[in-house]
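Participant: This is the structure, below, for whatever I ask next.
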Amino acid sequence: MTAASARQPGEDPFIFRVENLSKRYGPTLALRDVSLGIRRGTIHGLLGENGAGKSTLVGLISGQRVPSGGTIYLDGRPIENVDVKQMEKAGVFLVTQEPMIIDHVTAAENLMLGIWPSRGGFVNWRKLRADASRMLEGTGIDPQAMAGKLGAVARRKLNILRAMFSGGKVIILDEPTAALTVQDRAHLFSFMRELKEQGVTFIFISHYNDEILEICDACSVLRDGMLAGGTEDVGSLTSEQLSELVLGRGLVLFQRERRTFAGEEPAVRLREVASDTVGVKAFDLRPGEIVGFTGLPGAGAKELARAIFGLAPTRAGTIAFGTQTPRPLPATPRDAFDMGIAFLSDDRHRDGLVAQMSIGENISLSSLSVVARAGFLRPEAEQLLSDRYFRAMGIKAAGPATLVDTLSGGNQQKVCLGRVLATKPRLLILDEPTRGIDIGVKQDVLRIIDELSRTGVSVIIVSTDADEIVRIVDRVCVFEDGTIREEFSGEAISSERLRQETKEKADG
Ligand SMILES: Nc1ncnc2c1ncn2[C@@H]1O[C@H](COP(=O)(O)OP(=O)(O)OP(=O)(O)O)[C@@H](O)[C@H]1O
């Protein structure tokens with residue numbers, strides 16, 4: 001710290017400043033000599049490829065991690081040796097993607113959670129509860145609603161509100177829009193703008209240029225742990241310029257050459273699928289066809305995909321591959337896997353990445369039939385498989401032997417994807433496959449899915465990302481009330497149309 005850098009509170013236009021900040025994890029220098037400022041009362045975007053150091057940076061300024069070098073100033077004063085509790089007391093809150101919400105208490109009580117321990121026995125509960133209810137007025141959240149019953153946006157709002165209720169003046173949002181619909185995202189943004197008017201500062205991490213351009217006043221871009229650039233005026237940048245800053249090169253968007261399958265025999269036939277949430281009479285997929293499932297949350301897209309993989313109970317329904325006789329839908333994921341179906345969950349934690357195992361072991365975990373013969377593991381086969389997918393997925397780590405829990409979030413997602421691709425399925429179901437993946441790797445992932453389909457694998461992609469659907473699918477199914485309301489293919493597929501389809505339903 002240099003004495004000249006410290007300023008009186010209020011003097012500094014930056015609520016946060018970091019100077020020559022570094023963070024080392026063993027041999028990895030995750031952040032090196034980063035200096036930047038976050039202006040008070042602004043929304044400051046933080047961008048960068050997977051593993052660029054975004055989570056590390058916000059981990060340092062929120063007190064979760066200790067810097068290896070450099071200084072952090074809050075309100076002009078250097079902060080040292082602080083932990084999360086102290087930073088929260090100072091008004092700095094990190095809101096992660098996993099909402100820290102207690103399902104079996106009310107929304108209002110959730111707001112009070114951070115306050116319980118700190119005020120010990122002297123809490124005026126009645127007043128606190130009234131204050132919490134007042135804070136929820138106009139947010140569309142019923143203070144008395146059980147938190148477990150709230151939708152995705154309400155839960156994210158509740159997280160932000162809790163930070164506010166506990167005196168938050170800087171709120172850090174780590175990819176808050178993942179898997180939100182266009183409407184949900186718009187609501188979240190207008191809520192952030194309102195809070196900004198009230199003087200709250202936001203740090204906003206996102207992989208989506210359009211979000212940064214829409215909501216942020218300023219932004220900083222990290223590349224390989226260093227500050228690659230940034231601006232105090234986001235309006236002066238184009239999306240292409242942002243991509244170049246992030247990647248250090250121009251971005252070439254992937255676009256699949258859409259295929260038509262007129263007259264081809266189906267590779268997969270689903271019939272009379274019925275459950276509490278879906279009712280689909282018939283759905284066919286051709287060999288090598290990629291179909292997008294979309295719709296509002298709960299409309300049936302995700303629900304049908306999960307039913308096909310034996311993850312959701314069904315009352316009826318059959319599946320047939322090629323000319324085989326129809327069989328009942330798989331009752332469990334194990335049955336589905338044995339039939340040649342692979343599934344990528346939208347939640348890598350539930351998807352069972354084994355944190356203490358290496359990248360390579362995690363990739364080959366589901367492909368035991370490929371790497372084992374007559375019950376014996378073949379290390380060379382495992383090595384080949386893991387090397388191949390490690391390279392194909394562009395995983396940022398020293399090598400396949402690196403432990404999974406030292407990877408950045410986006411790189412863990414790539415391991416999950418590599419693992420399902422390595423199983424060489426007949427039918428591949430991907431739920432939000434590029435969530436958390438940066439714009440550069442997203443193109444690689446789409447290319448890999450495209451190549452896989454050309455070997456004859458049929459693919460279903462469940463996605464709320466209209467641009468992703470447009471660039472990879474041959475056909476789109478729009479779900480509503482548990483059924484396929486509409487299908488379109490070829491030239492009819494456009495992001496405008498997809499947004500329109502889901503918007504009409506939401507408005508209607
Ligand atoms: N606990 C850890 N141990 C070792 N290395 C780590 C640890 N946490 C992060 N790293 C490494 O530090 C670098 C930066 O990771 P970080 O999570 O900050 O990236 P990020 O920009 O947030 O990426 P993403 O977009 O994928 O979330 C990566 O190379 C990562 O592998």
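Quick note on naming: the chains in the structure tokens go A, B, ... in the order shown, residues restart at 1 in each chain, and ligands are numbered from 1 in order of appearance.
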Which of segment 455-494 of chain A counts as helix (DSSP H, G or I) under DSSP, as a ChimeraX atom specification please?
Facilitator: /A:466-472,490-492
Participant: Keeping C-alpha atoms for every residue in the selection just given, could you write it to a file as a compact mmCIF listing (two decimals), in the first residue's frame?
Facilitator:
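And here's out_23.txt as it stands now:
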# COMPACT_ATOMS: atom_id res chain seq x y z
CA ALA A 466 -32.47 -18.12 -28.29
CA ASP A 467 -29.19 -17.32 -30.05
CA GLU A 468 -27.74 -20.68 -29.15
CA ILE A 469 -30.80 -22.52 -30.50
CA VAL A 470 -30.72 -20.56 -33.74
CA ARG A 471 -27.10 -21.42 -34.40
CA ILE A 472 -27.17 -25.16 -33.74
CA GLY A 490 -35.15 -24.23 -41.73
CA GLU A 491 -35.50 -20.55 -42.57
CA ALA A 492 -38.34 -20.13 -40.07
Participant: At a cut-off of 10 Å, can you tabulate as a Markdown table every residue of segment 36-107 of chain A near segment 232-243 of chain A together with its closest atom pair and the distance in Å to one decimal, using only C-alpha atoms and ordering rows by chain then number?
Facilitator:
| residue | atom | partner | partner_atom | distance |
| --- | --- | --- | --- | --- |
| A:Gly37 | CA | A:Glu232 | CA | 9.7 |
| A:Ile38 | CA | A:Glu232 | CA | 9.3 |
| A:Arg39 | CA | A:Glu232 | CA | 8.8 |
| A:Thr42 | CA | A:Glu232 | CA | 9.9 |
| A:His44 | CA | A:Glu232 | CA | 8.7 |
| A:Gly45 | CA | A:Val234 | CA | 9.0 |
| A:Leu47 | CA | A:Leu242 | CA | 8.8 |
| A:Gly48 | CA | A:Ser243 | CA | 9.1 |
| A:Glu49 | CA | A:Ser243 | CA | 9.8 |
Participant: Could you list, as a PyMOL selection string, all residues that come within 10 Å of ligand 1? Count only C-alpha atoms and all ligand atoms.
Facilitator: chain A and resi 23-31+46-60+65+174-175+205-207+221-225+395-398+402-414+436-438
Participant: For each of A:Ile493, A:Ile308, A:Val441, A:Thr294, take the minimum atom-to-atom distance to Thr181 of chain A, counting only C-alpha atoms, then give the residue where this is smallest.
Facilitator: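 Smallest distance to Thr181 of chain A is found for A:Thr294.
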Participant: Mind checking which residues fall within 9 Å of Asp284 of chain A, counting only C-alpha atoms, ignoring those fewer than 2 positions away in the same chain, and posting them as a count of residues only?
Facilitator: 8
Participant: If we count only C-alpha atoms and set the cut-off at 9 Å, which residues sit around Ala163 of chain A, ignoring sequence neighbours fewer than 2 positions away in its own chain? Please answer as a ChimeraX atom specification.
Facilitator: /A:88,91-95,111,114,158-161,165-171
Participant: Please report, as an MDAnalysis selection string, each residue of segment 220-318 of chain A to which DSSP assigns strand (DSSP E) when run on this structure's backbone.
Facilitator: chainID A and resid 220:223 226:231 268:274 279:285 290:294 316:318
Participant: Take the residues just selected and output them with C-alpha atoms as a compact mmCIF listing (two decimals), in the first residue's frame.
Facilitator:
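Saved to again_31.txt:
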# COMPACT_ATOMS: atom_id res chain seq x y z
CA SER A 220 -13.52 -4.27 -17.00
CA VAL A 221 -12.23 -7.24 -18.98
CA LEU A 222 -9.84 -9.81 -17.55
CA ARG A 223 -7.69 -12.05 -19.70
CA MET A 226 -4.60 -9.56 -16.17
CA LEU A 227 -6.66 -6.50 -16.96
CA ALA A 228 -7.11 -6.61 -20.74
CA GLY A 229 -9.09 -3.39 -20.95
CA GLY A 230 -12.29 -1.70 -19.98
CA THR A 231 -14.30 1.47 -20.29
CA VAL A 268 -35.92 -42.33 -32.23
CA ARG A 269 -39.70 -42.53 -31.82
CA LEU A 270 -41.50 -41.42 -28.68
CA ARG A 271 -45.19 -42.26 -28.29
CA GLU A 272 -47.94 -41.35 -25.81
CA VAL A 273 -45.69 -39.92 -23.13
CA ALA A 274 -47.78 -38.98 -20.09
CA GLY A 279 -48.51 -35.16 -22.39
CA VAL A 280 -46.86 -35.73 -25.79
CA LYS A 281 -48.56 -38.01 -28.31
CA ALA A 282 -45.72 -38.46 -30.78
CA PHE A 283 -42.23 -37.10 -31.29
CA ASP A 284 -39.69 -38.41 -33.81
CA LEU A 285 -36.01 -37.64 -34.29
CA ILE A 290 -30.53 -31.66 -33.70
CA VAL A 291 -33.81 -30.46 -32.19
CA GLY A 292 -34.17 -27.53 -29.78
CA PHE A 293 -36.73 -27.76 -26.96
CA THR A 294 -37.81 -24.39 -25.68
CA ALA A 316 -47.08 -44.04 -19.81
CA GLY A 317 -44.88 -43.71 -22.84
CA THR A 318 -42.66 -45.71 -25.16
Participant: Check which residues of segment 171-214 of chain A sit at most 12 Å from segment 460-463 of chain A using only C-alpha atoms, and return one row each with the closest pair of atoms and their distance in Å to one decimal, ordered by chain and rising number, as a Markdown table.
Facilitator:
| residue | atom | partner | partner_atom | distance |
| --- | --- | --- | --- | --- |
| A:Ala178 | CA | A:Ser463 | CA | 10.8 |
| A:Ala179 | CA | A:Ser463 | CA | 7.9 |
| A:Leu180 | CA | A:Ser463 | CA | 10.1 |
| A:Thr181 | CA | A:Ser463 | CA | 9.7 |
| A:Val182 | CA | A:Ser463 | CA | 11.9 |
Participant: Emit the selected residues as a tab-separated table (two decimals), in the first residue's frame, including N, CA and C atoms.
Facilitator:
chain	number	residue	atom	x	y	z
A	178	ALA	N	-28.19	-16.71	-15.48
A	178	ALA	CA	-28.13	-18.07	-16.02
A	178	ALA	C	-29.51	-18.73	-15.97
A	179	ALA	N	-29.95	-19.22	-17.14
A	179	ALA	CA	-31.23	-19.93	-17.27
A	179	ALA	C	-32.47	-19.10	-16.96
A	180	LEU	N	-32.36	-17.78	-17.01
A	180	LEU	CA	-33.57	-16.97	-16.88
A	180	LEU	C	-34.15	-16.75	-18.27
A	181	THR	N	-35.49	-16.65	-18.35
A	181	THR	CA	-36.10	-16.34	-19.64
A	181	THR	C	-35.86	-14.86	-19.95
A	182	VAL	N	-36.16	-14.49	-21.18
A	182	VAL	CA	-35.97	-13.09	-21.60
A	182	VAL	C	-36.76	-12.15	-20.68
Participant: Would you please work out which residue, of A:Gly41, A:Pro326, A:Asn20, A:Leu36, is nearest to Arg193 of chain A when using only C-alpha atoms?
Facilitator: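 With only C-alpha atoms as the atom set, the closest residue is A:Gly41.
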Participant: Which one is closest to Ile101 of chain A: A:Gly148, A:Asp83, A:Leu128, A:Lys424? Count only C-alpha atoms.
Facilitator: A:Gly148
Participant: For a test of reading the model, state the distance in Å between atom CA of Val18 of chain A and atom CA of Thr177 of chain A, rounded to one decimal.
Facilitator: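 Here the two named atoms are 26.1 Å from each other.
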Participant: Which is closer to Tyr208 of chain A than all the others in A:Ile439, A:Ile341, A:Val82, A:Val457, using only C-alpha atoms?
Facilitator: A:Ile439
Participant: Can you pull out every residue within 9 Å of Ser345 of chain A, counting only C-alpha atoms, but drop anything in the same chain fewer than 6 positions away, and send it as a list in words?
Facilitator: Arg306, Asp351, Cys416, Ile429, Leu430, Asp431, Glu432 and Pro433 of chain A
Participant: Which residues, written as a VMD selection string, have at least one atom at most 9 Å from Arg256 of chain A, with only C-alpha atoms counted and residues fewer than 2 positions away on the same chain left out?
Facilitator: chain A and resid 254 258 to 259 446 to 447 450 470 to 474
Participant: If I take atom CA of Asn362 of chain A and atom CA of Gln383 of chain A, how far is one from the other in Å, to one decimal?
Facilitator: 11.7 Å
Participant: Go through A:Leu344, A:Leu384, A:Ser358, A:Arg475 and flag the residue nearest Gly418 of chain A, using only C-alpha atoms for the distances.
Facilitator: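 Of A:Leu344, A:Leu384, A:Ser358, A:Arg475, the one nearest Gly418 of chain A, counting only C-alpha atoms, is A:Leu344.
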Participant: Which residues are close to Leu296 of chain A, i.e. within 10 Å by only C-alpha atoms, leaving aside same-chain residues fewer than 6 positions away? Reply as a list in words.
Facilitator: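 Once the nearby chain positions are removed, what remains is Leu180, Thr181, Val182, Gln183, Lys302, Thr464, Val478, Phe479, Glu480, Asp481, Glu501, Thr502, Lys503, Lys505 and Ala506 of chain A.
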Participant: Let me make sure I understand: among A:Glu361, A:Asp387, A:Glu289, A:Glu303, which one has the smallest atom-to-atom distance to Gly456 of chain A if we use only C-alpha atoms?
Facilitator: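 The shortest atom-to-atom distance to Gly456 of chain A comes from A:Glu289.
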